[in-house]
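J.: What follows is a single structure, and I will ask about it in a moment.
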Amino acid sequence: MLRLPRNLVCAAALSLVSTVLAPQAALADAGFQKWVQGFYGTAAKSGISKSTYNKAFKGVTAPDPRVLEKARFQPEFTTKVWDYLDSRVNPYTIAKGREMEARHARTLAAIERKFGVSASVLLAIWSMESNYGEILSKTDRLHYVPQALATLAYGDRRRAKFARNQLVAALKILQSGDITTRQMTGSWAGAMGHTQFIPTSYLAFAVDADGNGSRDIWNSIPDALATAANLLKKNGWRTGQTWGYEAVAPRGGAKYKGQTKTLGQWARLGFTRPGGKGFAYGDRRAELKMPGGANGPAFLMTKNFFVIKRYNNSDSYALAVGVLADEIAGFGGVDQRWPRPPGTLNVKEKFELQTRLKQLGYYDGEIDGNFGSGSRAAIAAFQSRAGLTGDALPSQKILQAIRRYR
C-alpha cells in the first residue's frame with residue numbers, strides 16, 4: 001500500500017505455519033540492532049515489559065529486506081480499476097464465496113444477528129484479504145510482524161510514525177497472550193489474520209466470537225469474521241442498506257463526479273440504474289464516482305461504501321468488496337462495460353485463456369484469472385510452439401490463436 005490510513009487493516013497475506021514464523025536472521029545490521037535496543041524506552045512507556053520485548057526480538061538482527069520492496073507497490077492505487085476487479089471479482093472468488101457461505105452458515109448468521117453486517121459483505125472482505133484463508137499457507141508471503149514493523153520504523157521515513165505505533169500495539173498483543181511470537185505473522189505492513197488487521201485495529205475491534213477466551217484472528221474463523229463485522233459496525237455500518245448502486249449517467253453526467261445528492265435528485269438529473277430501473281429510497285444521499293472515467297460505468301455510493309473504506313482507504317477496494325458481495329448474494333455484478341484498451345481481455349476471457357492453456361498442457365496453476373509468472377510463462381511457451389511473437393501477455397490475439405490451435 002502506498003498510503004496507510006488510520007484504520008488501515010488490509011495488506012498482503014499472512015500465515016500460521018510455524019515453519020516460517022521464525023524471524024529472518026539475515027546479515028546482522030548494527031544500525032538496526034541499535035534502533036531496536038533504543039526503541040524499548042518507547043515501548044516501556046506503554047507498559048511493555050522487558051521480557052515481552054526481548055522475546056519479541058529474539059533472533060531479529062536485521063531488517064526484513066522484502067518489506068521495503070513491497071512497500072513501494074500497492075495495487076489498489078496503481079492498477080486500472082477493471083484489472084483490479086477482474087482479479088478479485090471473478091468466477092473463482094464468487095463460487096468460493098458461496099461455498100464458504102454454506103460451510104460457515106451458522107457462524108455467519110450469528111455474526112449478522114449480533115453486528116448487523118450481511119454475510120456476503122463479510123465473505124467478500126475475507127476473500128479480498130486472504131482468499132478465504134488460502135493465503136495463510138503461502139509461506140513465501142509471510143513476515144514476522146515485529147520485525148516487519150521495526151523495518152518500516154527504521155528504514156521507511158514516510159511510514160516511520162505509523163510503524164512505531166503499530167509495533168507498540170503488536171507488543172501489547174503478544175503481552176496479552178492472545179497469540180505467541182511464532183504465530184504472529186502478517187503482511188509487510190503488519191496486517192494479520194484471516195481478515196488482515198493491523199495491530200492498533202486489532203486492539204480496537206478484535207472479538208472472541210468462539211468463546212474460547214482468546215481473540216484469535218489467525219486460527220479462528222468466527223473470531224476473524226466477527227472482528228471484521230465489529231469494525232464495520234463501530235464505524236457506522238447501516239444494517240439492511242446497500243453500499244451503492246451502479247448507474248447509467250446521462251450525457252454530460254461526468255461533470256457531477258464527486259458531488260453528493262439524494263438518489264431522488266440524481267434521478268431527476270437523468271441518472272438511472274442499468275435497464276432503466278429507478279432508485280429506491282430517494283431520500284438517501286449518494287456520491288457520484290466514475291472510477292473508469294467518463295466512458296465507464298457510474299456508481300452512486302451510499303454511506304456503507306465509505307464505511308468499507310475504513311477497512312482500506314481505496315475506492316477500488318471498497319468497490320470490489322461491494323460488487324463481490326452482490327455477486328455472492330446472487331444480485332449480479334457490474335452490467336456496463338469498462339473502457340478497456342483495445343485488444344485486452346475481460347475477466348471471462350482471461351479464465352478461458354488460462355483454461356485452454358491448461359488443457360493444452362502449458363499451464364499447471366490455478367484457473368483464477370490472474371496472469372502472474374506461471375501464466376505468462378505458459379503464454380510464452382504457446383507462442384513459441386505456435387510460431388508467434390509477442391510479450392507473453394494475455395491479449396485478444398493470443399486468445400484467438402489458441403482457439404484455432406489444434
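Residues are referred to by chain and number: the chain letter is A, B, ... according to the order shown in the C-alpha cells, the number counts from 1 in that chain, and ligands are numbered separately from 1 in the order shown.
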Find the residues of stretch 116-164 of chain A that sit at most 7 Å from stretch 191-204 of chain A; for each, write down the nearest two atoms and how far apart they are in Å, to one decimal. Count only C-alpha atoms. Sort by chain, then by number going up, and give it as CSV.
T.:
residue,atom,partner,partner_atom,distance
A:Ile125,CA,A:Thr195,CA,7.0
A:Trp126,CA,A:Thr195,CA,5.5
A:Glu129,CA,A:Thr195,CA,5.5
A:Ser130,CA,A:His194,CA,5.7
A:Gly133,CA,A:His194,CA,5.6
J.: Grab the residues selected above and save them as a PDB file, in the first residue's frame with C-alpha atoms.
T.:
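And here is the file that came out, result03.pdb:
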ATOM      1  CA  ILE A 125     -13.769  -8.981   2.763  1.00  0.00           C
ATOM      2  CA  TRP A 126     -12.456 -12.430   3.701  1.00  0.00           C
ATOM      3  CA  GLU A 129      -7.876 -10.162   2.462  1.00  0.00           C
ATOM      4  CA  SER A 130      -6.733 -13.786   2.444  1.00  0.00           C
ATOM      5  CA  GLY A 133      -7.809 -18.230   4.257  1.00  0.00           C
TER       6      GLY A 133
END
J.: Considering only strand (DSSP E or B) as DSSP defines it on the backbone, what residues of stretch 246-379 of chain A qualify? List them as a PyMOL selection string.
T.: chain A and resi 246-248+260-262+272+285-289+298-301
J.: Pick from A:Pro222, A:Gly365, A:Gly322, A:Pro297: nearest to A:Ala109, with only C-alpha atoms counted?
T.: A:Pro222
J.: Find, counting only C-alpha atoms, the residue in A:Pro146, A:Gly59, A:Pro274, A:Gly177 that gets nearest to A:Ala189.
T.: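 Ranking A:Pro146, A:Gly59, A:Pro274, A:Gly177 by distance to A:Ala189, first place goes to A:Pro146.
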J.: I'd like the neighbourhood of stretch 164-169 of chain A as a VMD selection string, where a residue qualifies if any of its atoms comes within 7 Å (using only C-alpha atoms), though same-chain residues fewer than 2 positions away should be ignored.
T.: chain A and resid 43 146 149 to 150 153 160 to 162 171 to 173 199 to 200
J.: Go through A:Trp237, A:Phe382, A:Phe39, A:Tyr132 one by one, measure the shortest atom-to-atom distance of each to A:Ile221 using only C-alpha atoms, and give the residue with the smallest value.
T.: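 Using only C-alpha atoms, the shortest distance to A:Ile221 belongs to A:Tyr132.
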J.: State, in Å with one decimal place, the distance from atom CA of A:Val145 to atom CA of A:Gly190.
T.: 5.2 Å
